[in-house]
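Before any comments, here is the structure.
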Amino acid sequence: MKKLQEIGATGEAYVAAYLASQGAFIIERNWRIKDGEIDLVARESGVILFVEVKTRTTGKFGHPLEAIDRHKAFRLQRLALAWISLHDKWGSEYRIDCAAVILNGNLEPQIDYRRGVL
Amino acid sequence: MTLARIKSIALVGLTGHLIDIEVDISDGLPGYTLLGLPDAALSESRERVRSALLNSGAPWPNKRVTVSLSPAWLPKSGSGFDLPIAVALLIAQGLIAQGDMSRTVLMGELALDGGVKPIRGVLPALLAASHLGIDGAVVPDANLAEARAVKEIEVVGIKTLTEVISFLETGEIPEQIYSVTPQSTYSQLDLSDVVGQGRARFALEIAAIGSHHLLFIGPPGTGKTMLAERIPTLLPPLSQANVLAVGAIHSIAGALDERGVLSTLPPFIAPHHTTTSTAMIGGGAHVIRPGACSLANEGVLFIDEAPECNSGVLDALRQPLESGSVTISRASGTISFPANFLLVLAANPCPCGKYSGRGRSCTCSAAQIRRYLQKLSGPLLDRIDIRTYVEAPTRTEMMQSDLGESSAVVRERVITARAMAAERFHGMSWTLNSRIPASQLRHKYRAGKDGMIFLHNELEKERLSARGFHKVLRLSWSIADRFGRTVPNYEDVEMAYHLREGAEFL
């Protein structure tokens, strides 16, 4: 099990680095409440970003983002609103993004970052 | 290019609608949305298209895919949109150039391995397309023969998705393999197979000349079915327009391969007597399909053991007998199919079937015999012009070695007689004797004087109803045409009277 968590953490780190390189400021990583977890919370030109990261070691078994079904999408919406209300950020603009990371062994990982998917 | 547009045809009954298939690929979570009122088979297209693309070596876009079939209000059904959706997906991904696809339609079902499978209704779809300004089509190669029947459209038959891709990219036409049945397919059946049966043969010929509906009554095994099966060989071959019209109906019913695409032989449809009225008339919950009476359009509808039919099934035929078409209404819409057929009913004389001649071996009571044929309702029988007995051939007839007249000989006479009638009815809305309106019959198309006196006498003695009077008159015109007379004389009218009123217990 440890291994899976490591894979997830690696992917999240890559995405955080990618966001930072795009000029975003990482507010939080792995923000967790009873209902679930948001992988990354960031801010980019005044917009709060909630990012779900899906990491796979290979692309052979379908696209990573196919794992996000309707229920997962609704949960992301709820979590985003929970974060906003707990941090008293009502009224601020926000966006939900998804990122797919394929690690590809020793090769350079592939990041497929999609904005405003929900 | 993330947007692509391809055309296809959706059929509602026999009417084709031009469908625009648009595919848009946008960023977002991987997903597939199909718009435009798809039915179950069409909704499943996603899985077929996806596997077919991947197994043909083409990529599947892991993005947000929106497929729209417009006009959006028209409910669409079936698997024929698989191929155009797959091609539109390839164009939207930039793997094929869009090119000018505004005058070309694509249709076909995809197999998971990327093969292209045949679909129903290609012939009516392309007939409709040619009227909608389409001049090119890509169809499954198994449907190529029927597609080629539409001369206005340049058709390419394909076996696999890979072939479509290379055709659209390079214009290279894959090998076209198909077989077309010969132009004039006359069946193996021939009237010369029938031994004796002089009276029934005559009835068949007159029925064929005027398209008069027919009832055979006779014991089992005397040849009622054998006679009925040979009627299509006595009818004139179908015109080019009717070959396509008949083919189109068989195509949507999935029965065109059996029939042969270019067959000029009028169809012969013989539903079993346990058939339901839906199977007879046509219907269906989502997709409305033609019934037996539409498949028999321009041909013969034969119902053996007619009194055994479920109540209502035969009476449902009254509307098509009257109007030459059926109109079917369901929640999904109202559809008309042509149903212009020659009705042939066959019945035993009694439940045990042996009541004929002196009826010695019959075990039925008088009441049973009377009740049996009463199952055929009055209004239906009123529409039947000819009622005739079919008796078992006698021993001498069975011993005869010389054959009776062949179908070809009789058919020639039928064609000549029909030409006479057509000339007489020039400029009218009908061409067949059985279709003369009653009002015209009394004034314009009277028989000779002797004949009219005979009919009026029978009317007076109440041996003939007013409707029967008209029927006999129409029949006598067919008999006159048969013998090349310009006006029916006394003998023609008398013969017609016996053909119509010959079966006394009806």
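Letters for chains follow the order of the structure tokens (A, B, ...), residue numbers begin at 1 for each chain, and ligand numbers begin at 1 in the order shown.
The list of chain B residues within 10 Å of chain A is B:Asp27, B:Gly28, B:Leu29, B:Pro30, B:Gly31, B:Pro61, B:Asn62, B:Lys63, B:Arg64; this uses only C-alpha atoms.
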Run DSSP on the backbone of this structure and report the residues of segment 89-240 of chain B it assigns to alpha helix (DSSP H), as an mmCIF file with C-alpha atoms, in the first residue's frame.
```cif
data_model
loop_
_atom_site.group_PDB
_atom_site.id
_atom_site.type_symbol
_atom_site.label_atom_id
_atom_site.label_comp_id
_atom_site.auth_asym_id
_atom_site.auth_seq_id
_atom_site.Cartn_x
_atom_site.Cartn_y
_atom_site.Cartn_z
ATOM 1 C CA LEU B 89 -14.008 11.517 -34.747
ATOM 2 C CA LEU B 90 -10.966 10.962 -36.951
ATOM 3 C CA ILE B 91 -11.521 14.276 -38.734
ATOM 4 C CA ALA B 92 -12.005 16.109 -35.429
ATOM 5 C CA VAL B 122 -29.741 1.199 -47.336
ATOM 6 C CA LEU B 123 -31.925 1.224 -50.461
ATOM 7 C CA PRO B 124 -34.676 3.571 -49.145
ATOM 8 C CA ALA B 125 -32.014 5.735 -47.466
ATOM 9 C CA LEU B 126 -30.133 6.257 -50.723
ATOM 10 C CA LEU B 127 -33.355 6.784 -52.686
ATOM 11 C CA ALA B 128 -34.165 9.560 -50.232
ATOM 12 C CA ALA B 129 -30.599 10.888 -50.393
ATOM 13 C CA SER B 130 -30.746 11.221 -54.160
ATOM 14 C CA HIS B 131 -33.788 13.484 -53.770
ATOM 15 C CA LEU B 144 -23.425 -2.690 -52.171
ATOM 16 C CA ALA B 145 -25.828 -4.510 -54.489
ATOM 17 C CA GLU B 146 -28.898 -2.659 -53.231
ATOM 18 C CA ALA B 147 -27.016 0.636 -53.031
ATOM 19 C CA ARG B 148 -25.975 0.338 -56.700
ATOM 20 C CA LEU B 161 -12.714 1.191 -41.189
ATOM 21 C CA THR B 162 -9.126 1.169 -42.497
ATOM 22 C CA GLU B 163 -10.463 1.074 -46.072
ATOM 23 C CA VAL B 164 -12.664 4.109 -45.379
ATOM 24 C CA ILE B 165 -9.732 6.014 -43.963
ATOM 25 C CA SER B 166 -7.522 5.343 -46.976
ATOM 26 C CA PHE B 167 -10.407 6.093 -49.357
ATOM 27 C CA LEU B 168 -11.092 9.454 -47.729
ATOM 28 C CA GLU B 169 -7.413 10.346 -47.565
ATOM 29 C CA THR B 170 -6.256 9.255 -51.007
ATOM 30 C CA GLY B 198 -59.542 -25.571 -65.410
ATOM 31 C CA ARG B 199 -61.914 -23.424 -63.378
ATOM 32 C CA ALA B 200 -59.310 -22.366 -60.825
ATOM 33 C CA ARG B 201 -56.795 -21.581 -63.584
ATOM 34 C CA PHE B 202 -59.343 -19.343 -65.247
ATOM 35 C CA ALA B 203 -60.068 -17.634 -61.935
ATOM 36 C CA LEU B 204 -56.325 -17.014 -61.466
ATOM 37 C CA GLU B 205 -55.992 -15.483 -64.895
ATOM 38 C CA ILE B 206 -58.964 -13.163 -64.415
ATOM 39 C CA ALA B 207 -57.704 -12.218 -60.951
ATOM 40 C CA ALA B 208 -54.322 -11.354 -62.447
ATOM 41 C CA ILE B 209 -55.886 -9.269 -65.236
ATOM 42 C CA GLY B 210 -58.057 -7.043 -63.058
ATOM 43 C CA LYS B 224 -55.015 -24.209 -53.249
ATOM 44 C CA THR B 225 -51.537 -23.214 -52.078
ATOM 45 C CA MET B 226 -49.938 -24.507 -55.246
ATOM 46 C CA LEU B 227 -52.228 -22.303 -57.335
ATOM 47 C CA ALA B 228 -51.771 -19.222 -55.179
ATOM 48 C CA GLU B 229 -47.969 -19.502 -55.211
ATOM 49 C CA ILE B 231 -49.959 -15.978 -59.206
ATOM 50 C CA PRO B 232 -46.802 -13.791 -59.168
ATOM 51 C CA THR B 233 -45.639 -15.622 -62.317
ATOM 52 C CA LEU B 234 -48.859 -14.599 -64.073
ATOM 53 C CA GLN B 240 -38.354 -0.139 -62.647
#
```
Original post:
What's the 7 Å shell around segment 37-43 of chain A, counting only C-alpha atoms, without same-chain residues fewer than 5 positions away, as an MDAnalysis selection string?
Top reply: chainID A and resid 24:32 48:53
Those residues you just picked out, can you put them in a file as a short mmCIF file (atom, residue, chain, number, x, y, z; two decimals), in the first residue's frame with C-alpha atoms?
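The resulting selection_24.cif:
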```cif
data_model
loop_
_atom_site.label_atom_id
_atom_site.label_comp_id
_atom_site.auth_asym_id
_atom_site.auth_seq_id
_atom_site.Cartn_x
_atom_site.Cartn_y
_atom_site.Cartn_z
CA ALA A 24 0.59 29.82 -9.40
CA PHE A 25 1.03 29.91 -5.64
CA ILE A 26 0.42 26.61 -3.83
CA ILE A 27 -1.78 27.22 -0.79
CA GLU A 28 -2.20 23.68 0.46
CA ARG A 29 -1.45 20.06 -0.37
CA ASN A 30 -3.65 17.13 0.59
CA TRP A 31 -6.26 19.18 2.39
CA ARG A 32 -8.35 16.52 4.14
CA ILE A 48 -8.51 29.75 -6.34
CA LEU A 49 -7.61 26.46 -8.01
CA PHE A 50 -8.67 23.09 -6.69
CA VAL A 51 -6.66 20.40 -8.42
CA GLU A 52 -7.34 16.68 -8.54
CA VAL A 53 -4.27 14.72 -9.55
#
```
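Around Asp193 of chain B, within 10 Å and counting only C-alpha atoms, the residues found are B:Leu189, B:Asp190, B:Leu191, B:Val195, B:Gly196, B:Met226, B:Leu227, B:Arg230, B:Leu403, B:Gly404, B:Glu405, B:Ser406, B:Ser407, once anything fewer than 2 positions away on its own chain is removed.
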Just the residues within 10 Å of Arg103 of chain B, please, counting only C-alpha atoms, with nothing from its chain fewer than 6 positions along; format it as an mmCIF file with C-alpha atoms, in the first residue's frame.
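After the write, selection_15.cif holds the following:
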```cif
data_model
loop_
_atom_site.group_PDB
_atom_site.id
_atom_site.type_symbol
_atom_site.label_atom_id
_atom_site.label_comp_id
_atom_site.auth_asym_id
_atom_site.auth_seq_id
_atom_site.Cartn_x
_atom_site.Cartn_y
_atom_site.Cartn_z
ATOM 1 C CA ILE B 6 -20.399 14.271 -41.750
ATOM 2 C CA LYS B 7 -23.747 13.523 -43.338
ATOM 3 C CA SER B 8 -25.871 10.418 -43.052
ATOM 4 C CA ALA B 129 -30.599 10.888 -50.393
ATOM 5 C CA SER B 130 -30.746 11.221 -54.160
ATOM 6 C CA LEU B 132 -31.937 15.530 -51.139
ATOM 7 C CA GLY B 133 -29.098 16.436 -53.490
ATOM 8 C CA ILE B 134 -26.584 13.814 -52.380
ATOM 9 C CA ASP B 135 -24.392 12.308 -55.101
ATOM 10 C CA GLY B 136 -21.938 10.115 -53.203
ATOM 11 C CA ALA B 137 -22.238 7.398 -50.594
ATOM 12 C CA ILE B 153 -25.492 8.177 -56.483
#
```
Original post:
What gap, in Å, lies between atom CA of Gln188 of chain B and atom CA of Pro338 of chain B?
Top reply: 27.2 Å
Original post:
Do you have the atom CA of Val287 of chain B-atom CA of Val65 of chain B distance handy?
Top reply: 27.2 Å
**OP:** List the neighbours of segment 306-316 of chain B out to 10 Å using only C-alpha atoms; skip same-chain residues closer than 5 positions along the sequence, and give me the result as number ranges by chain.
**Re:** B: 215-216, 272-281, 321, 326, 344-351, 371-381
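The neighbours of Leu342 of chain B here are the residues that come within 7 Å of it, using only C-alpha atoms and leaving out any residue fewer than 6 positions away in the same chain; they are B:Ser211, B:His212, B:His213, B:Gly299, B:Val300, B:Leu301.
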Atoms kept (C-alpha atoms) for selection, written as an mmCIF file, in the first residue's frame:
```cif
data_model
loop_
_atom_site.group_PDB
_atom_site.id
_atom_site.type_symbol
_atom_site.label_atom_id
_atom_site.label_comp_id
_atom_site.auth_asym_id
_atom_site.auth_seq_id
_atom_site.Cartn_x
_atom_site.Cartn_y
_atom_site.Cartn_z
ATOM 1 C CA SER B 211 -56.206 -7.507 -59.754
ATOM 2 C CA HIS B 212 -59.355 -8.998 -58.248
ATOM 3 C CA HIS B 213 -59.072 -10.407 -54.729
ATOM 4 C CA GLY B 299 -47.629 -8.527 -55.305
ATOM 5 C CA VAL B 300 -49.687 -11.231 -53.666
ATOM 6 C CA LEU B 301 -50.710 -11.658 -50.030
#
```
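Among the candidates B:Ala88, B:Gly333, B:Arg482, B:Ala447, the one nearest to Met101 of chain B when counting only C-alpha atoms is B:Ala88.
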